[in-house]
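Below is one structure, written out as structure tokens; the observations come after it.
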Amino acid sequence: MNLDRFLFSLTKLNEGRQKIGYYYLLSIVEKIFYGSVIYFSARSVGILDISYLYIISVAPLLALLERIPISISAIGIREGLFVVLFLPYFDDPAIAVTVALVFRCSDLVLTLLCMCFWIG
């Protein structure tokens with residue numbers, strides 16, 4: 001029974017290779033946007049000497065670590081990860097927490113806008 005389902009899913013996977021390629025492409029684009037939001041959030045609070053390439057390369061790791069089911073909506077996890085991420089650029093962790101809060105506010109605004117468009 002389970003072997004038949006497994007073989008059926010493998011044949012479906014083989015038939016939908018183009019869709020899988022689209023999924024991976026969209027996943028890469030999503031991580032670039034995720035890193036861009038972090039970068040512009042950092043620049044908005046005054047961290048001007050940070051490298052965009054550094055943020056883009058660390059963004060997938062941040063997204064992966066945020067999905068550890070420790071807290072609700074990664075509250076506290078994201079802020080701690082931002083402190084570690086921005087540690088090479090300054091000594092005050094309050095700036096990193098500010099960046100994390102700006103990022104969380106932009107995430108909340110985007111979620112509310114999408115909810116309003118979905119409902120309306």
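Residue numbering restarts at 1 for every chain of the structure tokens, chains are lettered A, B, ... in their displayed order, and ligands are numbered from 1 as they appear.
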Using the chain letters and numbers from this document, which residues of chain A does DSSP assign to alpha helix (DSSP H), as a ChimeraX atom specification?
/A:2-15,17-44,52-66,77-86,93-119
Show which residues sit within 10 Å of A:Leu65, as a CSV table (one decimal) with N, CA and C atoms, in the first residue's frame. Count only C-alpha atoms, and ignore same-chain residues fewer than 6 positions away.
```
chain,number,residue,atom,x,y,z
A,59,ALA,N,20.6,35.5,4.6
A,59,ALA,CA,19.1,35.5,4.7
A,59,ALA,C,18.5,34.1,4.7
A,74,ALA,N,8.3,33.2,15.9
A,74,ALA,CA,9.8,33.4,16.1
A,74,ALA,C,10.0,34.7,16.9
A,77,ILE,N,13.4,34.9,18.8
A,77,ILE,CA,14.4,34.2,18.0
A,77,ILE,C,15.0,35.1,16.9
A,78,ARG,N,14.1,35.8,16.2
A,78,ARG,CA,14.6,36.7,15.1
A,78,ARG,C,15.4,37.8,15.7
A,81,LEU,N,18.9,36.5,16.4
A,81,LEU,CA,19.6,36.2,15.2
A,81,LEU,C,20.1,37.5,14.5
```
If we count only C-alpha atoms and set the cut-off at 10 Å, which residues sit around stretch 46-55 of chain A, ignoring sequence neighbours fewer than 4 positions away in its own chain? Please answer as a ChimeraX atom specification.
/A:32,34-42,59-60,62,85-86,88-90,95-96,99
